[in-house]
file start26.cif (mmCIF, C-alpha atoms)
data_work
#
loop_
_atom_site.label_atom_id
_atom_site.label_comp_id
_atom_site.auth_asym_id
_atom_site.auth_seq_id
_atom_site.Cartn_x
_atom_site.Cartn_y
_atom_site.Cartn_z
CA GLY A 1 -80.45 -11.47 -41.08
CA ALA A 2 -81.48 -13.00 -44.37
CA ASP A 3 -77.99 -12.58 -45.83
CA LEU A 4 -76.37 -14.85 -43.26
CA ALA A 5 -75.37 -18.37 -44.22
CA THR A 6 -77.94 -21.12 -44.06
CA ASN A 7 -76.53 -22.62 -40.86
CA ASP A 8 -78.27 -20.03 -38.69
CA ARG A 9 -78.44 -22.39 -35.71
CA ASP A 10 -74.65 -22.56 -35.38
CA VAL A 11 -74.40 -18.80 -35.83
CA SER A 12 -77.00 -18.01 -33.18
CA ASP A 13 -75.48 -20.56 -30.77
CA ALA A 14 -72.01 -19.08 -31.27
CA LEU A 15 -73.32 -15.58 -30.64
CA ARG A 16 -75.08 -16.64 -27.44
CA ILE A 17 -71.97 -18.41 -26.14
CA ALA A 18 -69.76 -15.44 -27.09
CA ASN A 19 -72.04 -13.15 -25.09
CA ARG A 20 -71.76 -15.43 -22.05
CA VAL A 21 -67.99 -15.46 -22.44
CA MET A 22 -67.81 -11.66 -22.66
CA LYS A 23 -69.91 -11.34 -19.52
CA LEU A 24 -67.36 -13.53 -17.74
CA HIS A 25 -64.53 -11.50 -19.27
CA MET A 26 -65.99 -8.19 -18.11
CA LYS A 27 -66.63 -9.54 -14.64
CA LYS A 28 -63.06 -10.77 -14.29
CA TYR A 29 -61.36 -7.77 -15.86
CA TYR A 30 -63.34 -5.04 -14.17
CA GLY A 31 -63.68 -6.96 -10.92
CA VAL A 32 -60.96 -9.36 -9.83
CA VAL A 33 -58.10 -8.08 -11.99
CA GLN A 34 -58.46 -4.36 -11.35
CA SER A 35 -59.59 -4.63 -7.73
CA ASP A 36 -56.07 -5.47 -6.54
CA GLN A 37 -54.90 -2.24 -8.18
CA ASN A 38 -57.49 -0.27 -6.20
CA ILE A 39 -59.23 0.69 -9.43
CA GLN A 40 -62.96 1.06 -9.06
CA SER A 41 -64.43 0.64 -12.52
CA SER A 42 -67.81 2.04 -13.42
CA VAL A 43 -68.13 -0.09 -16.57
CA PRO A 44 -71.18 -2.35 -16.28
CA GLU A 45 -71.38 -5.90 -17.59
CA MET A 46 -73.44 -4.89 -20.61
CA TRP A 47 -72.97 -3.78 -24.20
CA ARG A 48 -72.80 -0.15 -25.20
CA PRO A 49 -74.71 0.75 -28.39
CA PHE A 50 -71.60 1.32 -30.54
CA GLN A 51 -70.14 -2.03 -29.45
CA LEU A 52 -73.28 -3.95 -30.30
CA ALA A 53 -73.60 -2.10 -33.61
CA PHE A 54 -70.02 -2.99 -34.55
CA ILE A 55 -70.45 -6.66 -33.66
CA LEU A 56 -73.73 -7.13 -35.50
CA ASN A 57 -72.56 -5.10 -38.50
CA ILE A 58 -69.62 -7.35 -39.31
CA LEU A 59 -71.09 -10.77 -38.46
CA PRO A 60 -72.54 -11.31 -41.97
CA SER A 61 -69.11 -10.87 -43.57
CA ILE A 62 -67.57 -13.32 -41.10
CA VAL A 63 -70.21 -16.00 -41.60
CA ASP A 64 -70.83 -15.70 -45.36
CA GLU A 65 -67.76 -16.38 -47.51
CA GLU A 66 -69.49 -14.76 -50.50
CA ASN A 67 -70.22 -11.51 -48.69
CA VAL A 68 -68.77 -8.52 -50.57
CA ASP A 69 -67.67 -6.88 -47.32
CA ARG A 70 -65.00 -9.55 -46.87
CA ASP A 71 -62.84 -7.44 -49.20
CA LEU A 72 -62.93 -4.59 -46.69
CA VAL A 73 -61.05 -3.91 -43.48
CA ASP A 74 -63.48 -3.08 -40.67
CA LEU A 75 -62.25 -0.23 -38.50
CA ILE A 76 -63.54 0.48 -35.02
CA TRP A 77 -62.65 3.92 -33.64
CA PHE A 78 -63.56 5.27 -30.24
CA PRO A 79 -61.69 7.34 -27.61
CA THR A 80 -59.31 5.51 -25.27
CA GLY A 81 -61.16 3.63 -22.56
CA GLY A 82 -64.44 3.63 -24.46
CA GLY A 83 -64.66 -0.12 -24.97
CA LYS A 84 -63.05 -0.95 -28.32
CA THR A 85 -61.27 -3.99 -26.92
CA GLU A 86 -64.48 -5.65 -25.72
CA ALA A 87 -66.03 -5.16 -29.14
CA TYR A 88 -63.33 -6.93 -31.12
CA LEU A 89 -62.77 -9.58 -28.45
CA ALA A 90 -66.46 -10.44 -28.70
CA VAL A 91 -66.07 -10.91 -32.46
CA ALA A 92 -63.02 -13.11 -31.82
CA ALA A 93 -64.94 -15.22 -29.30
CA PHE A 94 -67.84 -15.58 -31.72
CA GLU A 95 -65.57 -16.84 -34.49
CA MET A 96 -63.65 -19.26 -32.27
CA PHE A 97 -66.93 -20.88 -31.21
CA ARG A 98 -68.57 -20.75 -34.64
CA ARG A 99 -65.69 -22.59 -36.30
CA ARG A 100 -66.04 -25.53 -33.97
CA LEU A 101 -69.83 -25.64 -34.01
CA GLU A 102 -70.01 -25.43 -37.79
CA ASN A 103 -66.89 -27.30 -38.93
CA GLY A 104 -66.16 -29.77 -36.14
CA GLU A 105 -62.51 -30.87 -36.03
CA LYS A 106 -61.71 -28.81 -39.14
CA GLY A 107 -62.42 -25.74 -37.01
CA LEU A 108 -59.63 -26.51 -34.55
CA GLY A 109 -56.16 -24.99 -34.79
CA THR A 110 -55.48 -21.26 -34.95
CA ALA A 111 -58.73 -19.39 -35.57
CA VAL A 112 -57.82 -15.77 -34.76
CA ILE A 113 -54.63 -13.79 -35.23
CA LYS A 114 -54.03 -10.44 -33.55
CA ARG A 115 -51.15 -8.61 -35.16
CA TYR A 116 -49.45 -5.68 -33.48
CA THR A 117 -46.56 -3.39 -34.23
CA LEU A 118 -43.97 -3.69 -31.47
CA ARG A 119 -44.80 -0.37 -29.83
CA LEU A 120 -48.50 -1.27 -29.58
CA LEU A 121 -47.98 -4.70 -28.05
CA THR A 122 -48.96 -3.90 -24.48
CA THR A 123 -49.08 -6.12 -21.44
CA GLN A 124 -52.64 -4.99 -20.86
CA GLN A 125 -53.85 -6.22 -24.25
CA PHE A 126 -52.14 -9.57 -23.78
CA HIS A 127 -53.71 -9.90 -20.35
CA ARG A 128 -57.15 -9.01 -21.70
CA ALA A 129 -56.85 -11.72 -24.34
CA SER A 130 -55.73 -14.26 -21.72
CA ILE A 131 -58.86 -13.53 -19.66
CA LEU A 132 -60.98 -14.09 -22.78
CA ILE A 133 -59.33 -17.43 -23.51
CA CYS A 134 -59.79 -18.58 -19.92
CA ALA A 135 -63.47 -17.62 -20.16
CA CYS A 136 -63.79 -19.58 -23.42
CA GLU A 137 -62.15 -22.59 -21.83
CA SER A 138 -64.38 -22.33 -18.78
CA LEU A 139 -67.46 -22.46 -21.04
CA ARG A 140 -66.03 -25.24 -23.21
CA LYS A 141 -65.68 -27.54 -20.22
CA THR A 142 -69.43 -27.33 -19.69
CA LYS A 143 -70.21 -27.94 -23.38
CA THR A 144 -67.57 -30.46 -24.43
CA ASN A 145 -69.90 -32.40 -26.72
CA ASN A 146 -70.54 -29.35 -28.86
CA LEU A 147 -67.12 -27.66 -28.69
CA LEU A 148 -64.84 -30.72 -28.91
CA GLY A 149 -62.14 -31.76 -26.49
CA GLU A 150 -59.28 -29.51 -27.58
CA PRO A 151 -58.77 -26.57 -25.21
CA PHE A 152 -59.05 -22.95 -26.27
CA THR A 153 -55.55 -21.52 -25.97
CA LEU A 154 -53.64 -18.25 -26.40
CA GLY A 155 -50.16 -17.82 -27.83
CA LEU A 156 -47.80 -14.87 -27.68
CA TRP A 157 -45.43 -14.82 -30.68
CA VAL A 158 -42.85 -12.08 -30.21
CA GLY A 159 -39.12 -11.51 -30.47
CA GLY A 160 -36.62 -13.32 -28.24
CA GLU A 161 -35.88 -10.18 -26.25
CA ASN A 162 -39.45 -10.27 -24.92
CA SER A 163 -40.12 -14.00 -24.71
CA PRO A 164 -37.98 -17.12 -25.33
CA ASN A 165 -38.07 -18.62 -28.81
CA HIS A 166 -36.80 -22.04 -27.73
CA PHE A 167 -37.11 -24.54 -24.89
CA THR A 168 -33.33 -24.53 -24.36
CA THR A 169 -30.55 -22.05 -25.11
CA ASN A 170 -29.98 -21.30 -28.79
CA LYS A 171 -26.90 -19.47 -30.11
CA GLU A 172 -28.93 -17.17 -32.33
CA ALA A 173 -32.00 -16.66 -30.14
CA GLY A 174 -30.44 -16.52 -26.67
CA LYS A 175 -31.60 -18.29 -23.52
CA GLY A 176 -34.40 -20.79 -23.70
CA SER A 177 -37.38 -21.09 -21.37
CA LEU A 178 -35.64 -23.80 -19.30
CA GLU A 179 -32.56 -21.66 -18.61
CA LEU A 180 -34.66 -18.59 -17.84
CA PHE A 181 -36.77 -20.64 -15.45
CA ASN A 182 -33.68 -22.01 -13.69
CA ASP A 183 -32.21 -18.50 -13.40
CA MET A 184 -35.44 -17.34 -11.85
CA ARG A 185 -35.49 -20.14 -9.29
CA ASN A 186 -31.89 -19.41 -8.27
CA ALA A 187 -32.45 -15.69 -7.76
CA ASP A 188 -32.94 -14.16 -4.31
CA LYS A 189 -35.76 -12.07 -5.70
CA PRO A 190 -37.25 -13.85 -8.71
CA ASP A 191 -38.10 -11.84 -11.82
CA ASN A 192 -40.78 -13.27 -14.11
CA GLU A 193 -39.55 -12.84 -17.69
CA PHE A 194 -42.39 -14.84 -19.24
CA GLN A 195 -44.84 -11.95 -19.79
CA LEU A 196 -47.77 -13.53 -17.92
CA GLN A 197 -47.41 -12.02 -14.46
CA LYS A 198 -50.68 -13.13 -12.83
CA CYS A 199 -53.29 -15.81 -13.32
CA PRO A 200 -55.84 -14.29 -15.71
CA TRP A 201 -58.70 -15.85 -13.76
CA CYS A 202 -57.98 -15.23 -10.07
CA GLY A 203 -55.08 -12.77 -10.05
CA THR A 204 -52.60 -14.97 -8.17
CA ARG A 205 -48.97 -14.09 -8.92
CA ILE A 206 -47.32 -16.61 -11.27
CA VAL A 207 -43.96 -16.05 -9.55
CA PRO A 208 -43.67 -15.12 -5.86
CA GLU A 209 -41.89 -11.97 -4.80
CA TYR A 210 -39.46 -13.99 -2.71
CA ILE A 211 -38.13 -17.54 -2.90
CA GLU A 212 -40.15 -20.22 -1.15
CA GLU A 213 -38.80 -23.61 -0.15
CA ASP A 214 -41.47 -25.32 -2.23
CA ASP A 215 -40.77 -24.85 -5.94
CA GLY A 216 -44.35 -25.90 -6.60
CA TYR A 217 -45.38 -22.37 -5.73
CA TYR A 218 -44.04 -21.20 -9.08
CA GLY A 219 -46.80 -21.16 -11.67
CA ILE A 220 -44.42 -22.37 -14.38
CA THR A 221 -42.97 -25.72 -15.39
CA ALA A 222 -40.19 -25.89 -17.97
CA THR A 223 -38.22 -28.82 -19.37
CA GLU A 224 -36.10 -29.42 -22.47
CA THR A 225 -39.23 -30.21 -24.45
CA THR A 226 -42.16 -28.54 -22.64
CA PHE A 227 -43.35 -25.29 -21.13
CA LYS A 228 -46.57 -24.42 -19.36
CA PHE A 229 -48.19 -21.98 -16.95
CA PHE A 230 -50.43 -23.04 -14.10
CA CYS A 231 -52.07 -21.12 -11.30
CA PRO A 232 -50.25 -21.58 -7.96
CA SER A 233 -53.60 -21.33 -6.14
CA GLY A 234 -55.12 -24.72 -5.50
CA ASN A 235 -58.58 -23.13 -5.42
CA CYS A 236 -58.36 -21.84 -9.00
CA PRO A 237 -59.93 -23.88 -11.84
CA PHE A 238 -56.73 -23.28 -13.80
CA HIS A 239 -54.47 -24.77 -11.13
CA ASN A 240 -53.49 -27.62 -13.45
CA ARG A 241 -52.86 -25.41 -16.47
CA ILE A 242 -53.43 -21.87 -17.68
CA PRO A 243 -54.17 -22.11 -21.43
CA VAL A 244 -51.49 -19.60 -22.43
CA SER A 245 -48.01 -20.04 -23.91
CA VAL A 246 -45.23 -17.61 -24.79
CA VAL A 247 -42.52 -19.95 -26.13
CA ASP A 248 -42.20 -20.27 -29.90
CA GLU A 249 -41.35 -23.97 -29.95
CA ASP A 250 -44.33 -24.76 -27.76
CA LEU A 251 -46.59 -22.76 -30.10
CA PHE A 252 -45.31 -24.66 -33.13
CA GLN A 253 -46.03 -27.98 -31.38
CA SER A 254 -49.53 -26.93 -30.33
CA PRO A 255 -50.91 -24.05 -32.45
CA PRO A 256 -53.00 -21.76 -30.21
CA THR A 257 -56.64 -20.91 -30.90
CA MET A 258 -55.74 -17.22 -30.74
CA LEU A 259 -52.28 -15.99 -31.69
CA ILE A 260 -50.96 -12.56 -30.73
CA GLY A 261 -47.94 -11.72 -32.86
CA THR A 262 -45.79 -8.74 -33.66
CA ILE A 263 -45.18 -7.58 -37.19
CA ASP A 264 -41.50 -8.59 -37.11
CA LYS A 265 -42.53 -12.21 -36.54
CA PHE A 266 -44.85 -12.21 -39.54
CA ALA A 267 -42.04 -10.72 -41.62
CA ARG A 268 -40.02 -13.87 -40.88
CA LEU A 269 -42.63 -16.26 -42.21
CA ALA A 270 -40.63 -16.77 -45.41
CA TRP A 271 -37.61 -17.96 -43.38
CA ASP A 272 -39.27 -20.28 -40.88
CA ASP A 273 -41.63 -22.84 -42.34
CA ARG A 274 -42.61 -24.10 -38.87
CA ALA A 275 -45.02 -21.16 -38.66
CA LYS A 276 -47.19 -22.75 -41.35
CA VAL A 277 -48.97 -24.63 -38.55
CA PHE A 278 -50.66 -21.33 -37.62
CA PHE A 279 -52.26 -21.23 -41.07
CA GLY A 280 -53.54 -24.78 -41.35
CA GLY A 281 -50.33 -25.96 -42.99
CA GLY A 282 -49.25 -29.55 -42.43
CA SER A 283 -52.82 -30.74 -42.06
CA GLN A 284 -55.45 -30.98 -44.77
CA ASN A 285 -58.18 -31.18 -42.13
CA ILE A 286 -57.63 -27.85 -40.36
CA LEU A 287 -58.98 -24.57 -41.68
CA PRO A 288 -56.67 -21.53 -41.85
CA PRO A 289 -57.32 -18.58 -39.52
CA SER A 290 -60.62 -16.92 -40.34
CA LEU A 291 -60.24 -13.62 -38.47
CA ILE A 292 -57.30 -11.22 -38.47
CA ILE A 293 -57.27 -8.33 -36.01
#

call {"tool": "encode", "arguments": {"input": "start26.cif", "output": "structure tokens"}}
result
Amino acid sequence: GADLATNDRDVSDALRIANRVMKLHMKKYYGVVQSDQNIQSSVPEMWRPFQLAFILNILPSIVDEENVDRDLVDLIWFPTGGGKTEAYLAVAAFEMFRRRLENGEKGLGTAVIKRYTLRLLTTQQFHRASILICACESLRKTKTNNLLGEPFTLGLWVGGENSPNHFTTNKEAGKGSLELFNDMRNADKPDNEFQLQKCPWCGTRIVPEYIEEDDGYYGITATETTFKFFCPSGNCPFHNRIPVSVVDEDLFQSPPTMLIGTIDKFARLAWDDRAKVFFGGGSQNILPPSLII
């Protein structure tokens, strides 16, 4: 509309790309991911009127920094299973693309934060966001010149009882990702404690049900200074790396494009200055997050 910012080309391009991403997301979520659970979804790969109305209604306040609606919290309400998640994920995708198209390298870093209370942080929501990020990354690889070379990534920032805070064991925070990974490899029946249970794109298990002789089957690599997921399937485009991380130290080293955090983590911001990297801190050239869900 007329009240959008003057850079309408970037806005329209971001909206088109976000729609392509959401089509991929819907196809993966309602097709590949749920098919192995014998769930036959009747949700088509199209927008419902309330979803489209929500998306278009709040775009002006996202794009225009002078828009009066930026002082408001936009609430989307609809019965469970009605499609709320797709609506706000579409807005997140739009903003992640718009930042890069409009601001170049200043638009890198953490663009979107999803904040949950502990009881609302569900595996399903995390998995849905991981599918979205994989879809964004799939599109970015075909449009590198416009969307820059830095991958779109997802980070899970939660307490140590749900995901390791460190690469190696810490007295205060418990076992690190390396020790948890080693415990898993030494178990007769491995238990994946790293939240991401399956590849978001093809559904392959990150950790096998039983030990295999070849450790390469595990979709995880962990060292004293690194952690990453990859899809064990050699046919998957994310065989080299799944753009998701769940280890705090890894997130501080490489701030994710989208960060899912619990409220207890945000309450600790005053005690851990490393988290400033999520807000553009430490670099004068990176914008702070521009969308909070």

call {"tool": "resolve_selection", "arguments": {"input": "start26.cif", "expression": "the PyMOL selection byres ((chain A and resi 63-75) around 12)", "output": "ChimeraX atom specification"}}
result
/A:1-12,14-15,54-62,76-78,84,87-88,91,94-99,102,290-293

call {"tool": "write_last_selection", "arguments": {"input": "start26.cif", "atoms": "C-alpha atoms", "output": "PDB file, in the coordinates of the input"}}
result
ATOM      1  CA  GLY A   1     -80.450 -11.470 -41.080  1.00  0.00           C
ATOM      2  CA  ALA A   2     -81.480 -13.000 -44.370  1.00  0.00           C
ATOM      3  CA  ASP A   3     -77.990 -12.580 -45.830  1.00  0.00           C
ATOM      4  CA  LEU A   4     -76.370 -14.850 -43.260  1.00  0.00           C
ATOM      5  CA  ALA A   5     -75.370 -18.370 -44.220  1.00  0.00           C
ATOM      6  CA  THR A   6     -77.940 -21.120 -44.060  1.00  0.00           C
ATOM      7  CA  ASN A   7     -76.530 -22.620 -40.860  1.00  0.00           C
ATOM      8  CA  ASP A   8     -78.270 -20.030 -38.690  1.00  0.00           C
ATOM      9  CA  ARG A   9     -78.440 -22.390 -35.710  1.00  0.00           C
ATOM     10  CA  ASP A  10     -74.650 -22.560 -35.380  1.00  0.00           C
ATOM     11  CA  VAL A  11     -74.400 -18.800 -35.830  1.00  0.00           C
ATOM     12  CA  SER A  12     -77.000 -18.010 -33.180  1.00  0.00           C
ATOM     13  CA  ALA A  14     -72.010 -19.080 -31.270  1.00  0.00           C
ATOM     14  CA  LEU A  15     -73.320 -15.580 -30.640  1.00  0.00           C
ATOM     15  CA  PHE A  54     -70.020  -2.990 -34.550  1.00  0.00           C
ATOM     16  CA  ILE A  55     -70.450  -6.660 -33.660  1.00  0.00           C
ATOM     17  CA  LEU A  56     -73.730  -7.130 -35.500  1.00  0.00           C
ATOM     18  CA  ASN A  57     -72.560  -5.100 -38.500  1.00  0.00           C
ATOM     19  CA  ILE A  58     -69.620  -7.350 -39.310  1.00  0.00           C
ATOM     20  CA  LEU A  59     -71.090 -10.770 -38.460  1.00  0.00           C
ATOM     21  CA  PRO A  60     -72.540 -11.310 -41.970  1.00  0.00           C
ATOM     22  CA  SER A  61     -69.110 -10.870 -43.570  1.00  0.00           C
ATOM     23  CA  ILE A  62     -67.570 -13.320 -41.100  1.00  0.00           C
ATOM     24  CA  ILE A  76     -63.540   0.480 -35.020  1.00  0.00           C
ATOM     25  CA  TRP A  77     -62.650   3.920 -33.640  1.00  0.00           C
ATOM     26  CA  PHE A  78     -63.560   5.270 -30.240  1.00  0.00           C
ATOM     27  CA  LYS A  84     -63.050  -0.950 -28.320  1.00  0.00           C
ATOM     28  CA  ALA A  87     -66.030  -5.160 -29.140  1.00  0.00           C
ATOM     29  CA  TYR A  88     -63.330  -6.930 -31.120  1.00  0.00           C
ATOM     30  CA  VAL A  91     -66.070 -10.910 -32.460  1.00  0.00           C
ATOM     31  CA  PHE A  94     -67.840 -15.580 -31.720  1.00  0.00           C
ATOM     32  CA  GLU A  95     -65.570 -16.840 -34.490  1.00  0.00           C
ATOM     33  CA  MET A  96     -63.650 -19.260 -32.270  1.00  0.00           C
ATOM     34  CA  PHE A  97     -66.930 -20.880 -31.210  1.00  0.00           C
ATOM     35  CA  ARG A  98     -68.570 -20.750 -34.640  1.00  0.00           C
ATOM     36  CA  ARG A  99     -65.690 -22.590 -36.300  1.00  0.00           C
ATOM     37  CA  GLU A 102     -70.010 -25.430 -37.790  1.00  0.00           C
ATOM     38  CA  SER A 290     -60.620 -16.920 -40.340  1.00  0.00           C
ATOM     39  CA  LEU A 291     -60.240 -13.620 -38.470  1.00  0.00           C
ATOM     40  CA  ILE A 292     -57.300 -11.220 -38.470  1.00  0.00           C
ATOM     41  CA  ILE A 293     -57.270  -8.330 -36.010  1.00  0.00           C
TER      42      ILE A 293
END

call {"tool": "residues_around", "arguments": {"input": "start26.cif", "residues": "stretch 216-231 of chain A", "least_positions_apart": "5", "cutoff": "6 Å", "atoms": "only C-alpha atoms", "output": "PDB file with C-alpha atoms, in the frame of the given file"}}
result
ATOM      1  CA  PHE A 167     -37.110 -24.540 -24.890  1.00  0.00           C
ATOM      2  CA  THR A 168     -33.330 -24.530 -24.360  1.00  0.00           C
ATOM      3  CA  LEU A 178     -35.640 -23.800 -19.300  1.00  0.00           C
ATOM      4  CA  CYS A 199     -53.290 -15.810 -13.320  1.00  0.00           C
ATOM      5  CA  ILE A 206     -47.320 -16.610 -11.270  1.00  0.00           C
ATOM      6  CA  VAL A 207     -43.960 -16.050  -9.550  1.00  0.00           C
ATOM      7  CA  PHE A 238     -56.730 -23.280 -13.800  1.00  0.00           C
ATOM      8  CA  HIS A 239     -54.470 -24.770 -11.130  1.00  0.00           C
ATOM      9  CA  ASN A 240     -53.490 -27.620 -13.450  1.00  0.00           C
ATOM     10  CA  ARG A 241     -52.860 -25.410 -16.470  1.00  0.00           C
ATOM     11  CA  ILE A 242     -53.430 -21.870 -17.680  1.00  0.00           C
TER      12      ILE A 242
END

call {"tool": "closest_residue", "arguments": {"input": "start26.cif", "among": "A:Asp250, A:Asp188, A:Glu86, A:Glu209", "to": "A:Leu154", "atoms": "only C-alpha atoms"}}
result
A:Asp250

call {"tool": "resolve_selection", "arguments": {"input": "start26.cif", "expression": "the PyMOL selection byres ((chain A and resi 246) around 7)", "output": "list in words"}}
result
Gly155, Leu156, Trp157, Ser163, Phe194, Val244, Ser245, Val247 and Asp248 of chain A

call {"tool": "write_last_selection", "arguments": {"input": "start26.cif", "atoms": "C-alpha atoms", "output": "PDB file, in the coordinates of the input"}}
result
ATOM      1  CA  GLY A 155     -50.160 -17.820 -27.830  1.00  0.00           C
ATOM      2  CA  LEU A 156     -47.800 -14.870 -27.680  1.00  0.00           C
ATOM      3  CA  TRP A 157     -45.430 -14.820 -30.680  1.00  0.00           C
ATOM      4  CA  SER A 163     -40.120 -14.000 -24.710  1.00  0.00           C
ATOM      5  CA  PHE A 194     -42.390 -14.840 -19.240  1.00  0.00           C
ATOM      6  CA  VAL A 244     -51.490 -19.600 -22.430  1.00  0.00           C
ATOM      7  CA  SER A 245     -48.010 -20.040 -23.910  1.00  0.00           C
ATOM      8  CA  VAL A 247     -42.520 -19.950 -26.130  1.00  0.00           C
ATOM      9  CA  ASP A 248     -42.200 -20.270 -29.900  1.00  0.00           C
TER      10      ASP A 248
END

call {"tool": "closest_residue", "arguments": {"input": "start26.cif", "among": "A:Leu251, A:Asn182, A:Val158, A:Ala135", "to": "A:Arg268", "atoms": "only C-alpha atoms"}}
result
A:Val158

call {"tool": "closest_residue", "arguments": {"input": "start26.cif", "among": "A:Leu108, A:Ile113, A:Cys136, A:Ile260", "to": "A:Met22", "atoms": "all atoms listed in the file"}}
result
A:Cys136

call {"tool": "resolve_selection", "arguments": {"input": "start26.cif", "expression": "the PyMOL selection byres ((chain A and resi 47) around 10)", "output": "number ranges by chain"}}
result
A: 19, 22-23, 43-46, 48-53, 83, 86-87

call {"tool": "residues_around", "arguments": {"input": "start26.cif", "residues": "A:Gly282", "least_positions_apart": "4", "cutoff": "12 Å", "atoms": "all atoms listed in the file", "output": "VMD selection string"}}
result
chain A and resid 109 252 to 253 255 273 to 278 286 to 288

call {"tool": "residues_around", "arguments": {"input": "start26.cif", "residues": "A:Arg128", "least_positions_apart": "3", "cutoff": "10 Å", "atoms": "only C-alpha atoms", "output": "ChimeraX atom specification"}}
result
/A:25-26,28-29,33,85-86,89,123-125,131-133,200

call {"tool": "write_last_selection", "arguments": {"input": "start26.cif", "atoms": "C-alpha atoms", "output": "tab-separated table (two decimals), in the frame of the given file"}}
result
chain	number	residue	atom	x	y	z
A	25	HIS	CA	-64.53	-11.50	-19.27
A	26	MET	CA	-65.99	-8.19	-18.11
A	28	LYS	CA	-63.06	-10.77	-14.29
A	29	TYR	CA	-61.36	-7.77	-15.86
A	33	VAL	CA	-58.10	-8.08	-11.99
A	85	THR	CA	-61.27	-3.99	-26.92
A	86	GLU	CA	-64.48	-5.65	-25.72
A	89	LEU	CA	-62.77	-9.58	-28.45
A	123	THR	CA	-49.08	-6.12	-21.44
A	124	GLN	CA	-52.64	-4.99	-20.86
A	125	GLN	CA	-53.85	-6.22	-24.25
A	131	ILE	CA	-58.86	-13.53	-19.66
A	132	LEU	CA	-60.98	-14.09	-22.78
A	133	ILE	CA	-59.33	-17.43	-23.51
A	200	PRO	CA	-55.84	-14.29	-15.71

call {"tool": "atom_distance", "arguments": {"input": "start26.cif", "atom1": "atom CA of A:Ala90", "atom2": "atom CA of A:Phe266"}}
result
24.2 Å
